[in-house]
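Undergrad: Compact mmCIF, C-alpha atoms and all ligand atoms, file model37.txt:
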```
# COMPACT_ATOMS: atom_id res chain seq x y z
CA MET A 1 26.81 -62.26 68.62
CA VAL A 2 25.92 -64.00 65.41
CA ARG A 3 22.31 -63.41 66.06
CA LEU A 4 22.80 -59.70 66.62
CA LEU A 5 24.57 -59.35 63.29
CA ALA A 6 21.74 -61.18 61.59
CA LEU A 7 19.25 -58.77 63.11
CA ALA A 8 21.28 -55.82 61.97
CA ALA A 9 21.39 -57.25 58.46
CA VAL A 10 17.63 -57.60 58.46
CA ALA A 11 17.21 -54.07 59.72
CA CYS A 12 19.34 -52.72 56.90
CA ALA A 13 17.66 -54.74 54.20
CA GLU A 14 14.89 -52.25 53.47
CA PRO A 15 13.18 -52.67 50.13
CA PRO A 16 14.40 -50.40 47.40
CA PRO A 17 12.11 -47.49 46.59
CA ALA A 18 9.21 -48.56 44.50
CA VAL A 19 9.67 -47.95 40.82
CA PRO A 20 6.44 -46.77 39.19
CA ASP A 21 5.11 -49.24 36.69
CA THR A 22 4.47 -46.46 34.24
CA ALA A 23 7.71 -44.53 34.12
CA PRO A 24 7.28 -41.61 31.67
CA GLU A 25 8.72 -42.25 28.28
CA PRO A 26 11.60 -39.95 27.47
CA VAL A 27 10.22 -37.09 25.38
CA ALA A 28 11.90 -36.66 22.04
CA PRO A 29 12.59 -33.02 21.18
CA GLU A 30 10.30 -31.51 18.56
CA PRO A 31 11.95 -31.64 15.17
CA VAL A 32 12.82 -28.14 13.97
CA VAL A 33 10.90 -27.52 10.76
CA PRO A 34 11.82 -24.28 9.00
CA GLN A 35 8.73 -22.08 8.77
CA PRO A 36 8.18 -19.61 5.94
CA PRO A 37 8.12 -16.01 7.18
CA PRO A 38 4.61 -14.75 7.89
CA PRO A 39 3.05 -12.86 4.98
CA PRO A 40 3.53 -9.11 5.27
CA GLU A 41 0.59 -7.28 6.76
CA PHE A 42 -1.01 -4.13 5.42
CA THR A 43 -0.58 -1.15 7.70
CA SER A 44 -1.98 2.35 7.37
CA SER A 45 -2.20 5.64 9.23
CA VAL A 46 -3.90 8.98 8.62
CA ARG A 47 -2.94 12.26 10.29
CA PRO A 48 -3.14 16.03 9.70
CA LEU A 49 -0.25 17.71 7.90
CA ASN A 50 2.43 18.90 10.27
CA ASP A 51 4.02 22.36 10.18
CA ALA A 52 7.07 21.20 8.19
CA GLU A 53 4.86 19.59 5.52
CA ARG A 54 2.66 22.69 5.26
CA THR A 55 5.70 24.90 4.85
CA ALA A 56 7.23 22.59 2.22
CA MET A 57 4.00 22.49 0.21
CA THR A 58 3.21 26.20 0.28
CA GLY A 59 4.09 27.82 -3.02
CA ILE A 60 4.88 24.41 -4.55
CA THR A 61 1.80 22.15 -4.47
CA TRP A 62 -0.50 24.52 -2.59
CA ARG A 63 -0.96 28.28 -2.50
CA PRO A 64 -3.54 30.66 -1.09
CA GLY A 65 -6.61 30.57 -3.33
CA CYS A 66 -6.38 26.84 -4.01
CA PRO A 67 -9.80 25.16 -3.67
CA VAL A 68 -8.95 23.18 -0.52
CA PRO A 69 -7.29 24.66 2.59
CA LEU A 70 -4.30 22.88 4.10
CA ASP A 71 -6.41 22.15 7.18
CA ASP A 72 -8.64 19.89 5.07
CA LEU A 73 -5.73 17.77 3.80
CA VAL A 74 -4.24 14.74 5.53
CA ARG A 75 -1.22 12.53 5.06
CA VAL A 76 -2.06 8.87 4.44
CA GLU A 77 0.74 6.37 4.96
CA VAL A 78 0.33 2.78 3.79
CA SER A 79 2.35 -0.30 3.03
CA HIS A 80 2.41 -1.40 -0.61
CA HIS A 81 4.04 -4.11 -2.68
CA ASP A 82 6.81 -3.07 -5.05
CA PHE A 83 7.85 -4.68 -8.34
CA GLU A 84 10.75 -6.59 -6.75
CA GLY A 85 8.70 -8.73 -4.36
CA GLY A 86 9.25 -6.41 -1.40
CA VAL A 87 6.96 -4.26 0.70
CA ARG A 88 7.50 -0.52 1.11
CA GLN A 89 5.90 2.35 2.95
CA GLY A 90 4.29 5.02 0.82
CA ALA A 91 2.53 8.30 1.50
CA LEU A 92 -0.21 10.31 -0.19
CA VAL A 93 -1.73 13.70 0.58
CA VAL A 94 -5.51 13.62 0.17
CA ARG A 95 -8.58 15.52 1.34
CA ALA A 96 -9.55 14.26 4.80
CA ASP A 97 -13.01 13.04 3.79
CA THR A 98 -11.55 10.76 1.10
CA ALA A 99 -8.93 9.09 3.30
CA ASP A 100 -11.06 6.11 4.33
CA ALA A 101 -11.93 5.22 0.72
CA ILE A 102 -8.30 5.54 -0.37
CA VAL A 103 -6.98 3.42 2.51
CA ALA A 104 -9.60 0.74 1.80
CA ALA A 105 -8.63 0.68 -1.88
CA LEU A 106 -4.92 0.44 -1.10
CA ALA A 107 -5.64 -2.35 1.40
CA ALA A 108 -7.54 -4.21 -1.32
CA ALA A 109 -4.65 -3.67 -3.74
CA PHE A 110 -2.21 -4.97 -1.12
CA ALA A 111 -4.28 -8.11 -0.51
CA GLU A 112 -4.33 -8.70 -4.27
CA GLY A 113 -0.52 -8.39 -4.42
CA PHE A 114 -0.75 -5.38 -6.73
CA PRO A 115 2.68 -3.74 -7.13
CA ILE A 116 3.17 0.03 -6.87
CA GLU A 117 6.60 1.34 -7.77
CA ARG A 118 6.70 4.47 -5.66
CA MET A 119 4.32 6.61 -3.58
CA GLU A 120 5.47 10.03 -2.44
CA PRO A 121 3.68 13.37 -2.05
CA ILE A 122 4.27 15.38 -5.21
CA VAL A 123 6.10 18.13 -3.32
CA ALA A 124 9.11 15.76 -3.60
CA PHE A 125 8.99 16.53 -7.35
CA GLY A 126 8.71 20.27 -6.95
CA GLY A 127 5.00 20.06 -7.70
CA SER A 128 5.73 18.87 -11.25
CA ASP A 129 3.22 16.31 -12.44
CA ASP A 130 5.51 15.51 -15.38
CA ALA A 131 8.44 14.78 -13.06
CA SER A 132 6.24 12.65 -10.83
CA MET A 133 4.91 10.68 -13.81
CA ASP A 134 8.41 10.22 -15.22
CA ALA A 135 9.42 8.70 -11.86
CA ASN A 136 6.37 6.39 -12.03
CA ASN A 137 5.19 7.95 -8.81
CA THR A 138 1.74 7.29 -7.41
CA SER A 139 0.31 10.55 -6.03
CA ALA A 140 -2.86 12.38 -5.13
CA PHE A 141 -3.13 16.02 -4.05
CA ASN A 142 -1.52 18.67 -6.23
CA CYS A 143 -3.08 22.10 -6.74
CA ARG A 144 -2.46 22.52 -10.48
CA ALA A 145 -4.21 23.06 -13.78
CA VAL A 146 -5.78 20.16 -15.59
CA THR A 147 -3.56 18.45 -18.20
CA GLY A 148 -3.78 20.52 -21.37
CA GLY A 149 -6.05 23.18 -19.86
CA THR A 150 -6.37 26.02 -17.35
CA ARG A 151 -9.10 24.94 -14.91
CA TYR A 152 -8.14 23.26 -11.67
CA SER A 153 -7.32 19.56 -11.97
CA GLU A 154 -9.33 17.22 -9.77
CA HIS A 155 -6.04 16.66 -7.94
CA SER A 156 -6.37 20.25 -6.70
CA TYR A 157 -9.33 19.10 -4.60
CA GLY A 158 -7.44 16.22 -3.00
CA HIS A 159 -9.99 13.70 -4.20
CA ALA A 160 -8.09 12.14 -7.12
CA VAL A 161 -5.21 9.66 -7.26
CA ASP A 162 -2.86 8.66 -10.08
CA VAL A 163 -1.50 5.10 -9.83
CA ASN A 164 1.64 3.77 -11.55
CA PRO A 165 1.69 6.28 -14.45
CA ALA A 166 4.28 4.25 -16.36
CA GLN A 167 1.93 1.27 -16.59
CA ASN A 168 -1.26 3.35 -16.83
CA PRO A 169 -0.92 6.18 -19.34
CA TYR A 170 -3.02 9.21 -20.04
CA ILE A 171 -4.04 8.90 -23.71
CA SER A 172 -5.60 11.90 -25.48
CA SER A 173 -8.75 11.40 -27.52
CA SER A 174 -6.75 11.50 -30.76
CA GLY A 175 -4.30 8.97 -29.34
CA ARG A 176 -1.43 11.25 -30.26
CA THR A 177 -0.56 12.28 -26.72
CA VAL A 178 0.58 9.57 -24.32
CA LEU A 179 1.74 10.63 -20.85
CA PRO A 180 4.24 9.82 -19.55
CA ALA A 181 6.16 9.08 -22.73
CA ALA A 182 7.63 5.96 -21.13
CA ALA A 183 4.13 4.50 -20.93
CA ALA A 184 3.88 4.10 -24.71
CA ASP A 185 4.49 0.37 -24.23
CA PHE A 186 1.33 0.21 -22.14
CA VAL A 187 -1.15 1.74 -24.57
CA ASP A 188 -2.21 -1.80 -25.54
CA ARG A 189 -4.52 -2.70 -22.64
CA GLU A 190 -4.99 -6.28 -23.85
CA ASP A 191 -1.42 -7.13 -22.90
CA HIS A 192 -1.87 -7.57 -19.13
CA ARG A 193 1.24 -6.95 -17.04
CA PRO A 194 1.91 -6.26 -13.34
CA GLY A 195 1.01 -2.77 -12.14
CA MET A 196 -1.62 -2.16 -14.81
CA LEU A 197 -5.11 -1.14 -13.69
CA PHE A 198 -8.23 -2.75 -15.11
CA ALA A 199 -11.92 -2.46 -14.25
CA ASP A 200 -11.65 -5.62 -12.17
CA SER A 201 -8.44 -4.64 -10.37
CA ALA A 202 -9.01 -4.61 -6.61
CA LEU A 203 -7.98 -0.96 -6.32
CA VAL A 204 -10.31 0.19 -9.11
CA ALA A 205 -13.19 -2.00 -7.95
CA SER A 206 -12.87 -0.71 -4.38
CA LEU A 207 -12.96 2.97 -5.35
CA VAL A 208 -15.67 2.51 -7.97
CA GLY A 209 -17.64 0.64 -5.31
CA ALA A 210 -17.24 3.75 -3.11
CA GLY A 211 -18.73 5.90 -5.87
CA TRP A 212 -15.51 7.02 -7.55
CA GLY A 213 -14.84 7.03 -11.29
CA TRP A 214 -11.90 5.58 -13.19
CA GLY A 215 -10.30 7.39 -16.14
CA GLY A 216 -9.69 4.06 -17.88
CA ALA A 217 -13.44 3.81 -18.43
CA TRP A 218 -13.76 7.18 -20.15
CA SER A 219 -14.84 7.06 -23.79
CA SER A 220 -12.77 9.81 -25.42
CA THR A 221 -9.65 10.82 -23.56
CA ARG A 222 -8.60 7.91 -21.36
CA ASP A 223 -6.52 8.25 -18.21
CA PHE A 224 -5.76 4.79 -16.92
CA GLN A 225 -3.77 6.02 -13.90
CA HIS A 226 -6.53 8.36 -12.71
CA LEU A 227 -9.35 7.76 -10.23
CA SER A 228 -11.46 10.53 -8.69
CA ALA A 229 -14.32 10.90 -6.26
CA ASN A 230 -16.54 12.78 -8.75
CA GLY A 231 -15.55 10.70 -11.79
CA ARG A 232 -13.86 13.62 -13.59
ZN ZN B 1 -5.00 12.19 -12.34
```
Using the file provided, produce a representation of the structure as structure tokens.
TA:
Amino acid sequence: MVRLLALAAVACAEPPPAVPDTAPEPVAPEPVVPQPPPPPEFTSSVRPLNDAERTAMTGITWRPGCPVPLDDLVRVEVSHHDFEGGVRQGALVVRADTADAIVAALAAAFAEGFPIERMEPIVAFGGSDDASMDANNTSAFNCRAVTGGTRYSEHSYGHAVDVNPAQNPYISSSGRTVLPAAAADFVDREDHRPGMLFADSALVASLVGAGWGWGGAWSSTRDFQHLSANGR
């Protein structure tokens, strides 16, 4: 009887399961390091004008007899920096064959961090260039007479853009007319401040590189907000 118990004890005394020599080390959780938000990305789109936009523009910024038909105009939408450190969506109406150059220039301005206060088609201002300038609005197409004259402005052809009028005034050759009036503080182009255009600004350099002209480089009248495909 004693012997049987001893055998049973031996039978039950199986070795414990082998413990691996290299048990994995407990993995410490990754410390949570706050990451800065990713930098905003430039986005853009180009599309034909829709029926509502054509109707809103007709009689206001476009009318029969204007040099460019509505079918040749497109709406460009882009992201742009504002003056408060944010990013907004803006829109311009331009002639279709200038859209690529304008988008490239606005992308370059975005990469540079160039602020633009506001960018809305000028129909939002009843077609008034003065109202748009007073609102420091960046705009492009508007079928209207040239400032101080009767011939069609280059904006009537959809191949000109005015950028941040408040920081980039139109200055007549005599210097007596500054438009908009609020831009009088920006007649001195040596005092560099955000939103001002210069020959080496990314936006200006991009369009000039595409063959455009900048009104800030004119010798008599100067129009620092104005860039156009034919340089006028
Ligand atoms: Zn202009």
Undergrad: Which value, in Å to one decimal, gives the distance between CA of Val76 in chain A and CA of Asp223 in chain A?
TA: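 Interatomic distance, CA of Val76 in chain A to CA of Asp223 in chain A: 23.1 Å.
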Undergrad: For Val161 in chain A, which residue out of A:Ala140, A:Ala181, A:Leu92, A:Val33 is the nearest one, using all atoms listed in the file?
TA: A:Ala140
Undergrad: Please find the residues contacting ligand ZN 1 (chain B) at a distance of at most 12 Å between atoms, with only C-alpha atoms and all ligand atoms counted, and report them as a VMD selection string.
TA: chain A and resid 129 to 130 132 to 133 137 to 147 152 to 165 168 to 171 179 to 180 213 to 216 222 to 229 231 to 232
Undergrad: Could you turn the residues from that selection into a file that holds C-alpha atoms, as a tab-separated table (two decimals), in the coordinates of the input?
TA:
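Writing the result to out.tsv gives the following:
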```
chain	number	residue	atom	x	y	z
A	129	ASP	CA	3.22	16.31	-12.44
A	130	ASP	CA	5.51	15.51	-15.38
A	132	SER	CA	6.24	12.65	-10.83
A	133	MET	CA	4.91	10.68	-13.81
A	137	ASN	CA	5.19	7.95	-8.81
A	138	THR	CA	1.74	7.29	-7.41
A	139	SER	CA	0.31	10.55	-6.03
A	140	ALA	CA	-2.86	12.38	-5.13
A	141	PHE	CA	-3.13	16.02	-4.05
A	142	ASN	CA	-1.52	18.67	-6.23
A	143	CYS	CA	-3.08	22.10	-6.74
A	144	ARG	CA	-2.46	22.52	-10.48
A	145	ALA	CA	-4.21	23.06	-13.78
A	146	VAL	CA	-5.78	20.16	-15.59
A	147	THR	CA	-3.56	18.45	-18.20
A	152	TYR	CA	-8.14	23.26	-11.67
A	153	SER	CA	-7.32	19.56	-11.97
A	154	GLU	CA	-9.33	17.22	-9.77
A	155	HIS	CA	-6.04	16.66	-7.94
A	156	SER	CA	-6.37	20.25	-6.70
A	157	TYR	CA	-9.33	19.10	-4.60
A	158	GLY	CA	-7.44	16.22	-3.00
A	159	HIS	CA	-9.99	13.70	-4.20
A	160	ALA	CA	-8.09	12.14	-7.12
A	161	VAL	CA	-5.21	9.66	-7.26
A	162	ASP	CA	-2.86	8.66	-10.08
A	163	VAL	CA	-1.50	5.10	-9.83
A	164	ASN	CA	1.64	3.77	-11.55
A	165	PRO	CA	1.69	6.28	-14.45
A	168	ASN	CA	-1.26	3.35	-16.83
A	169	PRO	CA	-0.92	6.18	-19.34
A	170	TYR	CA	-3.02	9.21	-20.04
A	171	ILE	CA	-4.04	8.90	-23.71
A	179	LEU	CA	1.74	10.63	-20.85
A	180	PRO	CA	4.24	9.82	-19.55
A	213	GLY	CA	-14.84	7.03	-11.29
A	214	TRP	CA	-11.90	5.58	-13.19
A	215	GLY	CA	-10.30	7.39	-16.14
A	216	GLY	CA	-9.69	4.06	-17.88
A	222	ARG	CA	-8.60	7.91	-21.36
A	223	ASP	CA	-6.52	8.25	-18.21
A	224	PHE	CA	-5.76	4.79	-16.92
A	225	GLN	CA	-3.77	6.02	-13.90
A	226	HIS	CA	-6.53	8.36	-12.71
A	227	LEU	CA	-9.35	7.76	-10.23
A	228	SER	CA	-11.46	10.53	-8.69
A	229	ALA	CA	-14.32	10.90	-6.26
A	231	GLY	CA	-15.55	10.70	-11.79
A	232	ARG	CA	-13.86	13.62	-13.59
```
Undergrad: Just the residues within 12 Å of Ile116 in chain A, please, counting all atoms listed in the file, with nothing from its chain fewer than 2 positions along; format it as a PDB file with C-alpha atoms, in the coordinates of the input.
TA:
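Ended up saving to part06.pdb:
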```pdb
ATOM      1  CA  VAL A  78       0.330   2.780   3.790  1.00  0.00           C
ATOM      2  CA  SER A  79       2.350  -0.300   3.030  1.00  0.00           C
ATOM      3  CA  HIS A  80       2.410  -1.400  -0.610  1.00  0.00           C
ATOM      4  CA  HIS A  81       4.040  -4.110  -2.680  1.00  0.00           C
ATOM      5  CA  ASP A  82       6.810  -3.070  -5.050  1.00  0.00           C
ATOM      6  CA  PHE A  83       7.850  -4.680  -8.340  1.00  0.00           C
ATOM      7  CA  GLU A  84      10.750  -6.590  -6.750  1.00  0.00           C
ATOM      8  CA  GLY A  85       8.700  -8.730  -4.360  1.00  0.00           C
ATOM      9  CA  GLY A  86       9.250  -6.410  -1.400  1.00  0.00           C
ATOM     10  CA  VAL A  87       6.960  -4.260   0.700  1.00  0.00           C
ATOM     11  CA  ARG A  88       7.500  -0.520   1.110  1.00  0.00           C
ATOM     12  CA  GLN A  89       5.900   2.350   2.950  1.00  0.00           C
ATOM     13  CA  GLY A  90       4.290   5.020   0.820  1.00  0.00           C
ATOM     14  CA  ALA A  91       2.530   8.300   1.500  1.00  0.00           C
ATOM     15  CA  LEU A 106      -4.920   0.440  -1.100  1.00  0.00           C
ATOM     16  CA  ALA A 109      -4.650  -3.670  -3.740  1.00  0.00           C
ATOM     17  CA  PHE A 110      -2.210  -4.970  -1.120  1.00  0.00           C
ATOM     18  CA  GLU A 112      -4.330  -8.700  -4.270  1.00  0.00           C
ATOM     19  CA  GLY A 113      -0.520  -8.390  -4.420  1.00  0.00           C
ATOM     20  CA  PHE A 114      -0.750  -5.380  -6.730  1.00  0.00           C
ATOM     21  CA  ARG A 118       6.700   4.470  -5.660  1.00  0.00           C
ATOM     22  CA  MET A 119       4.320   6.610  -3.580  1.00  0.00           C
ATOM     23  CA  GLU A 120       5.470  10.030  -2.440  1.00  0.00           C
ATOM     24  CA  ALA A 135       9.420   8.700 -11.860  1.00  0.00           C
ATOM     25  CA  ASN A 136       6.370   6.390 -12.030  1.00  0.00           C
ATOM     26  CA  ASN A 137       5.190   7.950  -8.810  1.00  0.00           C
ATOM     27  CA  THR A 138       1.740   7.290  -7.410  1.00  0.00           C
ATOM     28  CA  SER A 139       0.310  10.550  -6.030  1.00  0.00           C
ATOM     29  CA  ASP A 162      -2.860   8.660 -10.080  1.00  0.00           C
ATOM     30  CA  VAL A 163      -1.500   5.100  -9.830  1.00  0.00           C
ATOM     31  CA  ASN A 164       1.640   3.770 -11.550  1.00  0.00           C
ATOM     32  CA  PRO A 165       1.690   6.280 -14.450  1.00  0.00           C
ATOM     33  CA  ALA A 166       4.280   4.250 -16.360  1.00  0.00           C
ATOM     34  CA  GLN A 167       1.930   1.270 -16.590  1.00  0.00           C
ATOM     35  CA  ASN A 168      -1.260   3.350 -16.830  1.00  0.00           C
ATOM     36  CA  PRO A 194       1.910  -6.260 -13.340  1.00  0.00           C
ATOM     37  CA  GLY A 195       1.010  -2.770 -12.140  1.00  0.00           C
ATOM     38  CA  MET A 196      -1.620  -2.160 -14.810  1.00  0.00           C
ATOM     39  CA  LEU A 197      -5.110  -1.140 -13.690  1.00  0.00           C
ATOM     40  CA  LEU A 203      -7.980  -0.960  -6.320  1.00  0.00           C
ATOM     41  CA  GLN A 225      -3.770   6.020 -13.900  1.00  0.00           C
TER      42      GLN A 225
END
```
Undergrad: Work out how far apart CA of Val93 in chain A and CA of Val74 in chain A are and give it in Å to one decimal.
TA: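 Value for the CA of Val93 in chain A-CA of Val74 in chain A distance: 5.6 Å.
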Undergrad: Would you mind telling me which residue in A:Ala108, A:Val103, A:Leu73, A:Val204 lies nearest to Arg47 in chain A when using all atoms listed in the file?
TA: A:Leu73
Undergrad: Could you please determine the separation between CA of Gly65 in chain A and CA of Arg151 in chain A in Å, to one decimal place?
TA: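 So the answer is 13.1 Å.
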Undergrad: Pick out the closest residue to Pro115 in chain A from this set: A:Ala52, A:Ala202, A:Leu207, A:Ala28. Count all atoms listed in the file.
TA: A:Ala202
Undergrad: If you take every atom of range 138-157 of chain A that the file lists and fit an axis-aligned box around them with 5 Å extra on each side, what centre and edge lengths come out in Å to one decimal, as AutoDock Vina command-line options?
TA:
```
--center_x -3.8 --center_y 16.7 --center_z -12.7 --size_x 21.1 --size_y 28.7 --size_z 27.3
```
Undergrad: Which residue is closest to Val123 in chain A? Choose from A:Phe198, A:Trp212, A:Phe186, A:Trp62 and count all atoms listed in the file.
TA: A:Trp62
Undergrad: Pick out the closest residue to Thr61 in chain A from this set: A:Pro48, A:Pro40, A:Gly126, A:Pro34. Count all atoms listed in the file.
TA: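 With all atoms listed in the file as the atom set, the closest residue is A:Gly126.
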Undergrad: Have range 204-231 of chain A completed to N, CA and C atoms, please, and pass it along as a PDB file, keeping the file's coordinate frame.
TA:
```pdb
ATOM      1  N   VAL A 204      -9.257  -0.480  -8.336  1.00  0.00           N
ATOM      2  CA  VAL A 204     -10.310   0.190  -9.110  1.00  0.00           C
ATOM      3  C   VAL A 204     -11.689  -0.215  -8.594  1.00  0.00           C
ATOM      4  N   ALA A 205     -11.875  -1.518  -8.391  1.00  0.00           N
ATOM      5  CA  ALA A 205     -13.190  -2.000  -7.950  1.00  0.00           C
ATOM      6  C   ALA A 205     -13.572  -1.399  -6.598  1.00  0.00           C
ATOM      7  N   SER A 206     -12.581  -1.257  -5.708  1.00  0.00           N
ATOM      8  CA  SER A 206     -12.870  -0.710  -4.380  1.00  0.00           C
ATOM      9  C   SER A 206     -13.323   0.745  -4.479  1.00  0.00           C
ATOM     10  N   LEU A 207     -12.591   1.552  -5.259  1.00  0.00           N
ATOM     11  CA  LEU A 207     -12.960   2.970  -5.350  1.00  0.00           C
ATOM     12  C   LEU A 207     -14.250   3.162  -6.153  1.00  0.00           C
ATOM     13  N   VAL A 208     -14.423   2.404  -7.217  1.00  0.00           N
ATOM     14  CA  VAL A 208     -15.670   2.510  -7.970  1.00  0.00           C
ATOM     15  C   VAL A 208     -16.850   2.091  -7.083  1.00  0.00           C
ATOM     16  N   GLY A 209     -16.607   1.067  -6.257  1.00  0.00           N
ATOM     17  CA  GLY A 209     -17.640   0.640  -5.310  1.00  0.00           C
ATOM     18  C   GLY A 209     -17.980   1.725  -4.297  1.00  0.00           C
ATOM     19  N   ALA A 210     -17.006   2.631  -4.036  1.00  0.00           N
ATOM     20  CA  ALA A 210     -17.240   3.750  -3.110  1.00  0.00           C
ATOM     21  C   ALA A 210     -17.793   4.968  -3.835  1.00  0.00           C
ATOM     22  N   GLY A 211     -18.121   4.803  -5.125  1.00  0.00           N
ATOM     23  CA  GLY A 211     -18.730   5.900  -5.870  1.00  0.00           C
ATOM     24  C   GLY A 211     -17.773   6.700  -6.722  1.00  0.00           C
ATOM     25  N   TRP A 212     -16.490   6.300  -6.745  1.00  0.00           N
ATOM     26  CA  TRP A 212     -15.510   7.020  -7.550  1.00  0.00           C
ATOM     27  C   TRP A 212     -15.606   6.611  -9.017  1.00  0.00           C
ATOM     28  N   GLY A 213     -14.922   7.380  -9.876  1.00  0.00           N
ATOM     29  CA  GLY A 213     -14.840   7.030 -11.290  1.00  0.00           C
ATOM     30  C   GLY A 213     -13.403   6.764 -11.680  1.00  0.00           C
ATOM     31  N   TRP A 214     -13.237   5.950 -12.719  1.00  0.00           N
ATOM     32  CA  TRP A 214     -11.900   5.580 -13.190  1.00  0.00           C
ATOM     33  C   TRP A 214     -11.706   6.101 -14.612  1.00  0.00           C
ATOM     34  N   GLY A 215     -10.585   6.816 -14.824  1.00  0.00           N
ATOM     35  CA  GLY A 215     -10.300   7.390 -16.140  1.00  0.00           C
ATOM     36  C   GLY A 215     -10.088   6.364 -17.228  1.00  0.00           C
ATOM     37  N   GLY A 216      -9.836   5.118 -16.865  1.00  0.00           N
ATOM     38  CA  GLY A 216      -9.690   4.060 -17.880  1.00  0.00           C
ATOM     39  C   GLY A 216     -11.014   3.694 -18.521  1.00  0.00           C
ATOM     40  N   ALA A 217     -12.111   4.129 -17.884  1.00  0.00           N
ATOM     41  CA  ALA A 217     -13.440   3.810 -18.430  1.00  0.00           C
ATOM     42  C   ALA A 217     -14.009   4.960 -19.240  1.00  0.00           C
ATOM     43  N   TRP A 218     -13.268   6.069 -19.354  1.00  0.00           N
ATOM     44  CA  TRP A 218     -13.760   7.180 -20.150  1.00  0.00           C
ATOM     45  C   TRP A 218     -13.798   6.782 -21.625  1.00  0.00           C
ATOM     46  N   SER A 219     -14.635   7.496 -22.411  1.00  0.00           N
ATOM     47  CA  SER A 219     -14.840   7.060 -23.790  1.00  0.00           C
ATOM     48  C   SER A 219     -13.973   7.813 -24.794  1.00  0.00           C
ATOM     49  N   SER A 220     -13.554   9.035 -24.451  1.00  0.00           N
ATOM     50  CA  SER A 220     -12.770   9.810 -25.420  1.00  0.00           C
ATOM     51  C   SER A 220     -11.319   9.831 -24.965  1.00  0.00           C
ATOM     52  N   THR A 221     -10.930  10.882 -24.248  1.00  0.00           N
ATOM     53  CA  THR A 221      -9.650  10.820 -23.560  1.00  0.00           C
ATOM     54  C   THR A 221      -9.724   9.679 -22.545  1.00  0.00           C
ATOM     55  N   ARG A 222      -8.647   8.942 -22.412  1.00  0.00           N
ATOM     56  CA  ARG A 222      -8.600   7.910 -21.360  1.00  0.00           C
ATOM     57  C   ARG A 222      -7.385   8.176 -20.478  1.00  0.00           C
ATOM     58  N   ASP A 223      -7.578   7.955 -19.193  1.00  0.00           N
ATOM     59  CA  ASP A 223      -6.520   8.250 -18.210  1.00  0.00           C
ATOM     60  C   ASP A 223      -6.473   7.074 -17.239  1.00  0.00           C
ATOM     61  N   PHE A 224      -5.731   6.060 -17.642  1.00  0.00           N
ATOM     62  CA  PHE A 224      -5.760   4.790 -16.920  1.00  0.00           C
ATOM     63  C   PHE A 224      -5.195   4.879 -15.503  1.00  0.00           C
ATOM     64  N   GLN A 225      -4.354   5.877 -15.243  1.00  0.00           N
ATOM     65  CA  GLN A 225      -3.770   6.020 -13.900  1.00  0.00           C
ATOM     66  C   GLN A 225      -4.692   6.746 -12.934  1.00  0.00           C
ATOM     67  N   HIS A 226      -5.755   7.360 -13.450  1.00  0.00           N
ATOM     68  CA  HIS A 226      -6.530   8.360 -12.710  1.00  0.00           C
ATOM     69  C   HIS A 226      -7.850   7.819 -12.160  1.00  0.00           C
ATOM     70  N   LEU A 227      -8.058   8.040 -10.868  1.00  0.00           N
ATOM     71  CA  LEU A 227      -9.350   7.760 -10.230  1.00  0.00           C
ATOM     72  C   LEU A 227      -9.735   8.983  -9.431  1.00  0.00           C
ATOM     73  N   SER A 228     -11.040   9.343  -9.431  1.00  0.00           N
ATOM     74  CA  SER A 228     -11.460  10.530  -8.690  1.00  0.00           C
ATOM     75  C   SER A 228     -12.844  10.322  -8.098  1.00  0.00           C
ATOM     76  N   ALA A 229     -13.080  11.076  -7.007  1.00  0.00           N
ATOM     77  CA  ALA A 229     -14.320  10.900  -6.260  1.00  0.00           C
ATOM     78  C   ALA A 229     -15.543  11.324  -7.069  1.00  0.00           C
ATOM     79  N   ASN A 230     -15.379  12.312  -7.981  1.00  0.00           N
ATOM     80  CA  ASN A 230     -16.540  12.780  -8.750  1.00  0.00           C
ATOM     81  C   ASN A 230     -16.532  12.218 -10.182  1.00  0.00           C
ATOM     82  N   GLY A 231     -15.566  11.347 -10.479  1.00  0.00           N
ATOM     83  CA  GLY A 231     -15.550  10.700 -11.790  1.00  0.00           C
ATOM     84  C   GLY A 231     -14.914  11.521 -12.894  1.00  0.00           C
TER      85      GLY A 231
END
```
